[in-house]
Every structure is written in C-alpha cells, then in structure tokens.
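**Student:** Structure supplied as coords_32.pdb; contents: PDB, C-alpha atoms and all ligand atoms.
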```
MODEL        1
ATOM      1  CA  MET D   9      68.820 -57.009 185.776  1.00  0.00           C
ATOM      2  CA  ALA D  10      65.947 -56.971 183.248  1.00  0.00           C
ATOM      3  CA  ASP D  11      66.754 -57.289 179.532  1.00  0.00           C
ATOM      4  CA  GLU D  12      65.626 -54.548 177.087  1.00  0.00           C
ATOM      5  CA  GLN D  13      62.168 -56.037 176.412  1.00  0.00           C
ATOM      6  CA  GLU D  14      61.464 -56.798 180.063  1.00  0.00           C
ATOM      7  CA  LEU D  15      62.573 -53.332 181.128  1.00  0.00           C
ATOM      8  CA  ALA D  16      60.309 -51.721 178.504  1.00  0.00           C
ATOM      9  CA  GLU D  17      57.284 -53.734 179.661  1.00  0.00           C
ATOM     10  CA  ILE D  18      57.993 -53.039 183.335  1.00  0.00           C
ATOM     11  CA  GLN D  19      58.275 -49.332 182.503  1.00  0.00           C
ATOM     12  CA  ARG D  20      55.007 -49.315 180.534  1.00  0.00           C
ATOM     13  CA  ARG D  21      53.198 -50.892 183.495  1.00  0.00           C
ATOM     14  CA  HIS D  22      54.895 -48.468 185.865  1.00  0.00           C
ATOM     15  CA  TRP D  23      53.669 -45.464 183.845  1.00  0.00           C
ATOM     16  CA  GLN D  24      50.156 -46.922 183.570  1.00  0.00           C
ATOM     17  CA  ASP D  25      50.047 -47.408 187.354  1.00  0.00           C
ATOM     18  CA  THR D  26      51.529 -43.968 188.012  1.00  0.00           C
ATOM     19  CA  TYR D  27      48.939 -42.126 185.871  1.00  0.00           C
ATOM     20  CA  THR D  28      46.126 -44.217 187.384  1.00  0.00           C
ATOM     21  CA  ALA D  29      47.273 -43.458 190.944  1.00  0.00           C
ATOM     22  CA  HIS D  30      48.081 -39.785 190.237  1.00  0.00           C
ATOM     23  CA  PRO D  31      45.740 -38.453 187.532  1.00  0.00           C
ATOM     24  CA  GLY D  32      46.986 -35.236 185.981  1.00  0.00           C
ATOM     25  CA  MET D  33      50.298 -35.562 187.879  1.00  0.00           C
ATOM     26  CA  TYR D  34      52.172 -32.946 185.810  1.00  0.00           C
ATOM     27  CA  GLY D  35      49.450 -30.334 186.322  1.00  0.00           C
ATOM     28  CA  GLU D  36      47.429 -28.382 183.794  1.00  0.00           C
ATOM     29  CA  ARG D  37      49.901 -25.673 182.897  1.00  0.00           C
ATOM     30  CA  PRO D  38      52.094 -26.169 179.841  1.00  0.00           C
ATOM     31  CA  SER D  39      55.779 -26.888 180.353  1.00  0.00           C
ATOM     32  CA  ALA D  40      58.321 -24.172 179.529  1.00  0.00           C
ATOM     33  CA  PRO D  41      59.618 -26.108 176.494  1.00  0.00           C
ATOM     34  CA  ALA D  42      56.057 -26.373 175.136  1.00  0.00           C
ATOM     35  CA  THR D  43      55.598 -22.602 175.175  1.00  0.00           C
ATOM     36  CA  TRP D  44      58.965 -22.272 173.415  1.00  0.00           C
ATOM     37  CA  ALA D  45      57.986 -24.905 170.853  1.00  0.00           C
ATOM     38  CA  ALA D  46      54.630 -23.239 170.127  1.00  0.00           C
ATOM     39  CA  ASP D  47      56.458 -19.985 169.312  1.00  0.00           C
ATOM     40  CA  VAL D  48      58.957 -21.809 167.078  1.00  0.00           C
ATOM     41  CA  PHE D  49      56.212 -23.812 165.321  1.00  0.00           C
ATOM     42  CA  ARG D  50      54.087 -20.683 164.780  1.00  0.00           C
ATOM     43  CA  ALA D  51      57.043 -18.692 163.402  1.00  0.00           C
ATOM     44  CA  ALA D  52      57.646 -21.527 160.908  1.00  0.00           C
ATOM     45  CA  GLY D  53      53.987 -21.485 159.820  1.00  0.00           C
ATOM     46  CA  ALA D  54      53.293 -24.938 161.316  1.00  0.00           C
ATOM     47  CA  ARG D  55      49.712 -26.173 161.712  1.00  0.00           C
ATOM     48  CA  ASP D  56      49.979 -29.893 162.582  1.00  0.00           C
ATOM     49  CA  VAL D  57      51.919 -30.984 165.627  1.00  0.00           C
ATOM     50  CA  LEU D  58      52.772 -34.528 166.647  1.00  0.00           C
ATOM     51  CA  GLU D  59      53.530 -34.965 170.343  1.00  0.00           C
ATOM     52  CA  LEU D  60      55.273 -38.170 171.429  1.00  0.00           C
ATOM     53  CA  GLY D  61      55.170 -39.271 175.074  1.00  0.00           C
ATOM     54  CA  ALA D  62      52.346 -36.792 175.698  1.00  0.00           C
ATOM     55  CA  GLY D  63      51.269 -38.374 179.001  1.00  0.00           C
ATOM     56  CA  HIS D  64      48.033 -36.809 180.291  1.00  0.00           C
ATOM     57  CA  GLY D  65      48.488 -33.925 177.884  1.00  0.00           C
ATOM     58  CA  ARG D  66      49.471 -30.742 179.699  1.00  0.00           C
ATOM     59  CA  ASP D  67      51.385 -29.715 176.528  1.00  0.00           C
ATOM     60  CA  ALA D  68      49.207 -31.318 173.831  1.00  0.00           C
ATOM     61  CA  LEU D  69      46.181 -29.447 175.210  1.00  0.00           C
ATOM     62  CA  TYR D  70      48.146 -26.206 175.256  1.00  0.00           C
ATOM     63  CA  PHE D  71      49.127 -26.675 171.583  1.00  0.00           C
ATOM     64  CA  ALA D  72      45.453 -27.294 170.764  1.00  0.00           C
ATOM     65  CA  ARG D  73      44.364 -24.184 172.709  1.00  0.00           C
ATOM     66  CA  GLU D  74      46.959 -22.255 170.693  1.00  0.00           C
ATOM     67  CA  GLY D  75      45.206 -23.368 167.504  1.00  0.00           C
ATOM     68  CA  PHE D  76      47.418 -26.267 166.339  1.00  0.00           C
ATOM     69  CA  THR D  77      45.979 -29.599 165.239  1.00  0.00           C
ATOM     70  CA  VAL D  78      47.590 -32.126 167.570  1.00  0.00           C
ATOM     71  CA  GLN D  79      48.234 -35.857 167.350  1.00  0.00           C
ATOM     72  CA  ALA D  80      49.238 -37.021 170.827  1.00  0.00           C
ATOM     73  CA  THR D  81      50.812 -40.431 171.431  1.00  0.00           C
ATOM     74  CA  ASP D  82      52.086 -42.305 174.460  1.00  0.00           C
ATOM     75  CA  PHE D  83      52.477 -45.969 175.405  1.00  0.00           C
ATOM     76  CA  SER D  84      50.211 -45.361 178.415  1.00  0.00           C
ATOM     77  CA  GLY D  85      46.539 -45.584 177.543  1.00  0.00           C
ATOM     78  CA  ALA D  86      45.728 -44.331 181.070  1.00  0.00           C
ATOM     79  CA  GLY D  87      47.530 -41.016 180.440  1.00  0.00           C
ATOM     80  CA  LEU D  88      45.838 -40.601 177.049  1.00  0.00           C
ATOM     81  CA  GLU D  89      42.386 -41.283 178.540  1.00  0.00           C
ATOM     82  CA  GLN D  90      42.972 -38.386 180.954  1.00  0.00           C
ATOM     83  CA  LEU D  91      44.123 -36.272 177.998  1.00  0.00           C
ATOM     84  CA  ARG D  92      40.911 -36.986 176.037  1.00  0.00           C
ATOM     85  CA  GLU D  93      38.724 -36.173 179.026  1.00  0.00           C
ATOM     86  CA  ALA D  94      40.539 -32.856 179.565  1.00  0.00           C
ATOM     87  CA  ALA D  95      40.309 -32.069 175.831  1.00  0.00           C
ATOM     88  CA  ARG D  96      36.514 -32.446 176.009  1.00  0.00           C
ATOM     89  CA  ALA D  97      36.352 -30.287 179.157  1.00  0.00           C
ATOM     90  CA  GLN D  98      38.467 -27.595 177.472  1.00  0.00           C
ATOM     91  CA  ASP D  99      36.457 -27.841 174.253  1.00  0.00           C
ATOM     92  CA  VAL D 100      39.522 -28.592 172.110  1.00  0.00           C
ATOM     93  CA  ASP D 101      38.669 -32.248 171.393  1.00  0.00           C
ATOM     94  CA  GLY D 102      38.058 -31.341 167.734  1.00  0.00           C
ATOM     95  CA  ARG D 103      41.737 -30.492 167.358  1.00  0.00           C
ATOM     96  CA  VAL D 104      43.300 -33.356 169.345  1.00  0.00           C
ATOM     97  CA  SER D 105      43.571 -37.024 168.445  1.00  0.00           C
ATOM     98  CA  THR D 106      45.340 -39.676 170.505  1.00  0.00           C
ATOM     99  CA  ALA D 107      46.983 -43.008 169.754  1.00  0.00           C
ATOM    100  CA  VAL D 108      48.633 -45.542 172.019  1.00  0.00           C
ATOM    101  CA  HIS D 109      52.077 -45.926 170.488  1.00  0.00           C
ATOM    102  CA  ASP D 110      55.415 -47.197 171.710  1.00  0.00           C
ATOM    103  CA  VAL D 111      58.133 -44.920 170.331  1.00  0.00           C
ATOM    104  CA  ARG D 112      60.278 -48.016 169.706  1.00  0.00           C
ATOM    105  CA  ASP D 113      57.836 -48.907 166.889  1.00  0.00           C
ATOM    106  CA  PRO D 114      57.605 -47.165 163.491  1.00  0.00           C
ATOM    107  CA  LEU D 115      55.271 -44.153 163.506  1.00  0.00           C
ATOM    108  CA  PRO D 116      51.879 -44.929 161.916  1.00  0.00           C
ATOM    109  CA  LEU D 117      52.098 -41.781 159.760  1.00  0.00           C
ATOM    110  CA  ALA D 118      52.936 -41.021 156.135  1.00  0.00           C
ATOM    111  CA  ASP D 119      56.254 -39.520 155.061  1.00  0.00           C
ATOM    112  CA  ALA D 120      56.436 -35.698 155.250  1.00  0.00           C
ATOM    113  CA  SER D 121      52.986 -35.393 156.840  1.00  0.00           C
ATOM    114  CA  VAL D 122      53.533 -33.187 159.932  1.00  0.00           C
ATOM    115  CA  ASP D 123      54.928 -29.680 160.447  1.00  0.00           C
ATOM    116  CA  GLY D 124      56.275 -30.012 163.983  1.00  0.00           C
ATOM    117  CA  VAL D 125      57.158 -32.758 166.462  1.00  0.00           C
ATOM    118  CA  PHE D 126      57.433 -32.261 170.220  1.00  0.00           C
ATOM    119  CA  ALA D 127      58.693 -34.740 172.833  1.00  0.00           C
ATOM    120  CA  HIS D 128      59.249 -33.530 176.402  1.00  0.00           C
ATOM    121  CA  MET D 129      61.217 -36.059 178.501  1.00  0.00           C
ATOM    122  CA  LEU D 130      60.451 -38.983 176.192  1.00  0.00           C
ATOM    123  CA  LEU D 131      63.737 -39.821 174.461  1.00  0.00           C
ATOM    124  CA  CYS D 132      65.397 -40.054 177.901  1.00  0.00           C
ATOM    125  CA  MET D 133      63.097 -42.900 178.958  1.00  0.00           C
ATOM    126  CA  ALA D 134      64.221 -46.569 179.041  1.00  0.00           C
ATOM    127  CA  LEU D 135      65.346 -46.598 175.403  1.00  0.00           C
ATOM    128  CA  SER D 136      68.683 -47.885 174.134  1.00  0.00           C
ATOM    129  CA  THR D 137      70.907 -45.577 172.076  1.00  0.00           C
ATOM    130  CA  LYS D 138      69.959 -47.628 169.013  1.00  0.00           C
ATOM    131  CA  GLU D 139      66.227 -47.241 169.735  1.00  0.00           C
ATOM    132  CA  ILE D 140      66.651 -43.486 170.247  1.00  0.00           C
ATOM    133  CA  HIS D 141      68.405 -43.148 166.860  1.00  0.00           C
ATOM    134  CA  ALA D 142      65.662 -45.209 165.196  1.00  0.00           C
ATOM    135  CA  ALA D 143      62.921 -43.055 166.789  1.00  0.00           C
ATOM    136  CA  VAL D 144      64.594 -39.840 165.604  1.00  0.00           C
ATOM    137  CA  GLY D 145      64.895 -41.382 162.127  1.00  0.00           C
ATOM    138  CA  GLU D 146      61.141 -41.972 162.158  1.00  0.00           C
ATOM    139  CA  ILE D 147      60.491 -38.412 163.337  1.00  0.00           C
ATOM    140  CA  ARG D 148      62.576 -37.105 160.462  1.00  0.00           C
ATOM    141  CA  ARG D 149      60.668 -39.308 158.008  1.00  0.00           C
ATOM    142  CA  VAL D 150      57.244 -37.921 159.031  1.00  0.00           C
ATOM    143  CA  LEU D 151      58.337 -34.264 159.189  1.00  0.00           C
ATOM    144  CA  ARG D 152      57.897 -32.072 156.134  1.00  0.00           C
ATOM    145  CA  PRO D 153      61.052 -30.403 154.742  1.00  0.00           C
ATOM    146  CA  GLY D 154      61.634 -27.345 156.931  1.00  0.00           C
ATOM    147  CA  GLY D 155      59.741 -29.042 159.795  1.00  0.00           C
ATOM    148  CA  THR D 156      60.930 -28.640 163.379  1.00  0.00           C
ATOM    149  CA  PHE D 157      61.585 -31.162 166.127  1.00  0.00           C
ATOM    150  CA  VAL D 158      61.740 -29.845 169.704  1.00  0.00           C
ATOM    151  CA  TYR D 159      62.697 -32.402 172.349  1.00  0.00           C
ATOM    152  CA  THR D 160      63.963 -32.400 175.902  1.00  0.00           C
ATOM    153  CA  VAL D 161      66.068 -34.941 177.759  1.00  0.00           C
ATOM    154  CA  ARG D 162      67.655 -35.296 181.167  1.00  0.00           C
ATOM    155  CA  HIS D 163      71.428 -35.200 180.842  1.00  0.00           C
ATOM    156  CA  THR D 164      74.551 -36.455 182.572  1.00  0.00           C
ATOM    157  CA  GLY D 165      74.653 -33.315 184.774  1.00  0.00           C
ATOM    158  CA  ASP D 166      71.392 -34.443 186.495  1.00  0.00           C
ATOM    159  CA  ALA D 167      71.568 -35.338 190.213  1.00  0.00           C
ATOM    160  CA  HIS D 168      70.173 -38.820 189.486  1.00  0.00           C
ATOM    161  CA  TYR D 169      72.782 -39.640 186.851  1.00  0.00           C
ATOM    162  CA  GLY D 170      74.643 -42.700 188.130  1.00  0.00           C
ATOM    163  CA  ALA D 171      72.187 -43.260 191.033  1.00  0.00           C
ATOM    164  CA  GLY D 172      70.026 -46.369 191.523  1.00  0.00           C
ATOM    165  CA  THR D 173      70.081 -49.522 189.412  1.00  0.00           C
ATOM    166  CA  ALA D 174      72.321 -49.395 186.345  1.00  0.00           C
ATOM    167  CA  HIS D 175      70.818 -50.996 183.230  1.00  0.00           C
ATOM    168  CA  GLY D 176      73.773 -50.153 180.940  1.00  0.00           C
ATOM    169  CA  ASP D 177      73.868 -47.618 178.072  1.00  0.00           C
ATOM    170  CA  ASP D 178      73.631 -44.729 180.619  1.00  0.00           C
ATOM    171  CA  ILE D 179      70.183 -45.941 181.774  1.00  0.00           C
ATOM    172  CA  TYR D 180      69.644 -45.769 185.551  1.00  0.00           C
ATOM    173  CA  GLU D 181      66.506 -46.708 187.428  1.00  0.00           C
ATOM    174  CA  HIS D 182      65.584 -44.703 190.501  1.00  0.00           C
ATOM    175  CA  GLY D 183      62.280 -44.950 192.378  1.00  0.00           C
ATOM    176  CA  GLY D 184      60.888 -47.265 189.672  1.00  0.00           C
ATOM    177  CA  PHE D 185      61.541 -44.815 186.802  1.00  0.00           C
ATOM    178  CA  ALA D 186      64.296 -45.711 184.340  1.00  0.00           C
ATOM    179  CA  VAL D 187      66.042 -42.784 182.644  1.00  0.00           C
ATOM    180  CA  HIS D 188      68.588 -42.695 179.816  1.00  0.00           C
ATOM    181  CA  PHE D 189      70.827 -39.749 180.686  1.00  0.00           C
ATOM    182  CA  PHE D 190      72.085 -38.002 177.538  1.00  0.00           C
ATOM    183  CA  ASP D 191      75.599 -36.736 176.964  1.00  0.00           C
ATOM    184  CA  ARG D 192      76.347 -34.054 174.419  1.00  0.00           C
ATOM    185  CA  ALA D 193      77.746 -36.557 171.912  1.00  0.00           C
ATOM    186  CA  LEU D 194      74.336 -38.252 171.748  1.00  0.00           C
ATOM    187  CA  VAL D 195      72.577 -34.922 171.104  1.00  0.00           C
ATOM    188  CA  ASP D 196      75.067 -34.121 168.334  1.00  0.00           C
ATOM    189  CA  GLY D 197      74.734 -37.608 166.835  1.00  0.00           C
ATOM    190  CA  LEU D 198      70.930 -37.272 166.698  1.00  0.00           C
ATOM    191  CA  ALA D 199      71.292 -33.970 164.827  1.00  0.00           C
ATOM    192  CA  HIS D 200      73.330 -35.573 162.053  1.00  0.00           C
ATOM    193  CA  GLY D 201      71.702 -34.604 158.728  1.00  0.00           C
ATOM    194  CA  TRP D 202      69.468 -32.030 160.456  1.00  0.00           C
ATOM    195  CA  THR D 203      70.086 -28.347 161.157  1.00  0.00           C
ATOM    196  CA  LEU D 204      70.772 -28.079 164.890  1.00  0.00           C
ATOM    197  CA  ASN D 205      69.241 -24.730 165.845  1.00  0.00           C
ATOM    198  CA  ASP D 206      69.528 -24.631 169.606  1.00  0.00           C
ATOM    199  CA  VAL D 207      70.568 -26.623 172.694  1.00  0.00           C
ATOM    200  CA  HIS D 208      69.331 -24.942 175.860  1.00  0.00           C
ATOM    201  CA  ALA D 209      69.970 -26.118 179.437  1.00  0.00           C
ATOM    202  CA  PHE D 210      67.078 -25.719 181.888  1.00  0.00           C
ATOM    203  CA  GLU D 211      65.646 -27.249 185.055  1.00  0.00           C
ATOM    204  CA  GLU D 212      62.186 -28.564 185.923  1.00  0.00           C
ATOM    205  CA  GLY D 213      60.602 -29.591 189.227  1.00  0.00           C
ATOM    206  CA  ASP D 214      61.895 -29.727 192.773  1.00  0.00           C
ATOM    207  CA  LEU D 215      64.720 -32.246 192.330  1.00  0.00           C
ATOM    208  CA  PRO D 216      65.421 -30.358 190.042  1.00  0.00           C
ATOM    209  CA  ARG D 217      65.587 -32.432 186.883  1.00  0.00           C
ATOM    210  CA  ARG D 218      68.391 -31.067 184.717  1.00  0.00           C
ATOM    211  CA  LEU D 219      67.491 -31.093 181.058  1.00  0.00           C
ATOM    212  CA  TRP D 220      68.451 -29.935 177.619  1.00  0.00           C
ATOM    213  CA  ARG D 221      65.877 -28.562 175.234  1.00  0.00           C
ATOM    214  CA  VAL D 222      66.985 -29.293 171.683  1.00  0.00           C
ATOM    215  CA  THR D 223      65.562 -27.675 168.555  1.00  0.00           C
ATOM    216  CA  GLN D 224      66.470 -29.087 165.148  1.00  0.00           C
ATOM    217  CA  THR D 225      64.960 -28.742 161.689  1.00  0.00           C
ATOM    218  CA  VAL D 226      64.815 -30.831 158.534  1.00  0.00           C
ATOM    219  CA  PRO D 227      66.772 -28.992 155.817  1.00  0.00           C
ATOM    220  CA  ARG D 228      64.607 -27.955 152.814  1.00  0.00           C
TER
HETATM  221  C1  LIG Y 301      58.556 -38.050 182.020  1.00  0.00           C
HETATM  222  S1  LIG Y 301      56.958 -38.428 181.325  1.00  0.00           S
HETATM  223  C2  LIG Y 301      56.609 -36.936 180.444  1.00  0.00           C
HETATM  224  C3  LIG Y 301      55.161 -36.812 180.020  1.00  0.00           C
HETATM  225  C4  LIG Y 301      54.813 -35.538 179.240  1.00  0.00           C
HETATM  226  N1  LIG Y 301      55.694 -35.355 178.089  1.00  0.00           N
HETATM  227  C5  LIG Y 301      54.901 -34.336 180.138  1.00  0.00           C
HETATM  228  O1  LIG Y 301      55.986 -33.732 180.199  1.00  0.00           O
HETATM  229  O2  LIG Y 301      53.889 -34.019 180.791  1.00  0.00           O
HETATM  230  C6  LIG Y 301      57.434 -39.577 180.046  1.00  0.00           C
HETATM  231  C7  LIG Y 301      56.265 -40.093 179.222  1.00  0.00           C
HETATM  232  O3  LIG Y 301      56.784 -40.969 178.229  1.00  0.00           O
HETATM  233  C8  LIG Y 301      55.949 -42.110 178.140  1.00  0.00           C
HETATM  234  N2  LIG Y 301      56.811 -43.196 177.626  1.00  0.00           N
HETATM  235  C9  LIG Y 301      57.872 -43.775 178.229  1.00  0.00           C
HETATM  236  N3  LIG Y 301      58.410 -44.693 177.424  1.00  0.00           N
HETATM  237  C10 LIG Y 301      57.693 -44.695 176.277  1.00  0.00           C
HETATM  238  C11 LIG Y 301      57.751 -45.427 175.059  1.00  0.00           C
HETATM  239  N4  LIG Y 301      58.670 -46.392 174.882  1.00  0.00           N
HETATM  240  N5  LIG Y 301      56.852 -45.158 174.084  1.00  0.00           N
HETATM  241  C12 LIG Y 301      55.909 -44.210 174.273  1.00  0.00           C
HETATM  242  N6  LIG Y 301      55.773 -43.485 175.404  1.00  0.00           N
HETATM  243  C13 LIG Y 301      56.659 -43.727 176.397  1.00  0.00           C
HETATM  244  C14 LIG Y 301      55.420 -42.336 179.562  1.00  0.00           C
HETATM  245  O4  LIG Y 301      54.214 -43.068 179.573  1.00  0.00           O
HETATM  246  C15 LIG Y 301      55.246 -40.889 180.027  1.00  0.00           C
HETATM  247  O5  LIG Y 301      53.957 -40.416 179.696  1.00  0.00           O
ENDMDL
END
```
Show this structure as structure tokens.
**Tutor:**
Amino acid sequence: MADEQELAEIQRRHWQDTYTAHPGMYGERPSAPATWAADVFRAAGARDVLELGAGHGRDALYFAREGFTVQATDFSGAGLEQLREAARAQDVDGRVSTAVHDVRDPLPLADASVDGVFAHMLLCMALSTKEIHAAVGEIRRVLRPGGTFVYTVRHTGDAHYGAGTAHGDDIYEHGGFAVHFFDRALVDGLAHGWTLNDVHAFEEGDLPRRLWRVTQTVPR
C-alpha cells in the first residue's frame, strides 16, 4: 500500500494521463452543482470565483460565460491546458486564469480576496482528513466575510464505498482513482465556524456517483 505522498503522486500522474487520453472527458456542459453555485454567488453579489480541482474546465468556463472572473486551479497541467484552449475558443479567456496547484499546499492568494469558491469532486480525492481540514481552512482564509464555498463530495452511500484497495481514512481506490468517501460527521466538522446553509444529496453519471453538495458561508 502506498504512503500518503506516494499515493498523491500516483494520483497526479493518473489524472494527467487520464486527461491526455480523454480530452474534455466531462463534456462541455456545466455540472448541476455549478449552475446552483452560479445562482448562489450571483445572489450574494459575488464577482470573483476561485475553482479548485477545475479539471478541463466545464464549470470554470460556465462561470466565465456567466460573467464571473474565474481563477481555476488543478494539480493536472494537462486538464488546465485544455481549459485554456476552450476559454480562447469560447472568447472568455479574458475572464479566466489558471494555475497548477495542489490543494494540499497553501493557496497562493491573499486573505479575504475572493467572493466565492467552488470545488466539484475535489475534496473527496486522495486527501487525508487532516489535509481536507487544512484545505478548507485555506479556503476560509481567502474568502471575504460573507463569501460562499460550494463543494461536492462522494459519500459513504456511494456504490464504490468500501470497494477496491483500502488506503485507510475512508480512502478506497477503484479503477486507478482513489476517493475519500465522506460521512456526515466530516461535513459537519468542516462547517465548524462557518454558517452551513445547505447539504443536498444528488447523483451524477451512470454509476451513479452519489454525492453531497454542500453550501457554507463565512459569517460577516
Ligand atoms: C473528479 S475530477 C473533477 C474535475 C472537475 N471538478 C469536474 O467536475 O469537471 C477531480 C479533479 O481534481 C483534481 N485533483 C485531484 N487531487 C488533487 C489535488 N491534490 N490538488 C489539486 N487538484 C487535484 C484532478 O486532477 C481532477 O481534475
């Protein structure tokens, strides 16, 4: 069994290879949580959105088309290259910037500098509980007071929970992809010191993946 560092590096290479072999694999249409998040961000008067784990950008490009200024990050440069190409093709490249960033590292942004943060199926990647708490701490640091964080994660009700290779800490690897399946206690723990606005169960894809969409805001 790989240790934490090895697993992270294997996963980064796996995502690089996956995006290279299957460009645009998630399609061009925005995900359902992204359309929800855009409505929430707009209602809150948000203008700048940070997307973590943006992949090839189906959602980042949607936010840009909706008029937000978007900073999109991922640890796969291959995904982000596809995102930049699509941004140019869709004529929204003026509103989208990209940065290769591993969410286990501090965010290269100033305190209270963004209005909204979005992360679809990122926090449930091969991250330990401690790394997930640290990442959410960083997200809180860069959000302005009143700012909103919308994230989604696969949970312990997912068909793949418990299947494949166990890496400990509720992380299971199946078909080369390692997933940290969330229980409700983890969601509640990550909302400590925030206002937890909404936890919504939904499904995506053919498996289907079973996810929670969580919306939480930084108190003013
Ligand atoms: C399930 S995909 C979702 C991609 C995108 N959010 C979407 O829904 O189209 C997870 C993404 O997280 C990225 N990722 C996984 N672990 C990461 C990490 N430690 N730091 C940054 N990105 C990571 C992968 O490269 C991949 O793009």
**Student:** Rank D:Ala52, D:Ala186, D:Val104, D:Leu135 by their smallest atom-to-atom distance to Thr77 in chain D, using only C-alpha atoms, and report the top residue only.
**Tutor:**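 Smallest distance to Thr77 in chain D is found for D:Val104.
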**Student:** Which is closest to ligand LIG 301 (chain Y) among D:Glu74, D:Asp47, D:Asp206, D:Glu139, if we use all atoms listed in the file?
**Tutor:** D:Glu139
**Student:** Could you list, as a ChimeraX atom specification, every residue matched by the PyMOL selection byres (((not hetatm)) within 7 of (chain Y and resi 301)) in this structure?
**Tutor:** /D:16,19-20,23-24,34,39,60-67,81-84,87,109-112,127-130,133-135
**Student:** Measure the distance from CA of Arg96 in chain D to CA of Gly53 in chain D in Å and round it to one decimal.
**Tutor:**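 Atom-to-atom, CA of Arg96 in chain D to CA of Gly53 in chain D, that is 26.2 Å.
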**Student:** Name every residue that the PyMOL selection byres (((chain D and resi 167-174) around 10) and not hetatm) selects in this structure, writing the answer as JSON, numbers by chain with chains first and numbers rising.
**Tutor:** {"D": [9, 162, 163, 164, 165, 166, 175, 176, 177, 178, 179, 180, 181, 182, 183, 184, 185, 186, 187, 188, 189, 190, 215, 216, 217, 218]}
**Student:** Under the rule that all atoms listed in the file are counted, which of D:Arg228, D:Arg55, D:Arg37, D:Arg192 is the nearest residue to Asp123 in chain D?
**Tutor:**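 Of D:Arg228, D:Arg55, D:Arg37, D:Arg192, the one nearest Asp123 in chain D, counting all atoms listed in the file, is D:Arg55.
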**Student:** Could you check how far CA of Met33 in chain D sits from CA of Pro116 in chain D, in Å to one decimal?
**Tutor:**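 These atoms are spaced 27.6 Å apart.
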**Student:** Within 10 Å of Asp119 in chain D, counting all atoms listed in the file, which residues show up once you throw out same-chain ones fewer than 3 positions away? Write them as an MDAnalysis selection string, please.
**Tutor:** chainID D and resid 115:116 122 146:152
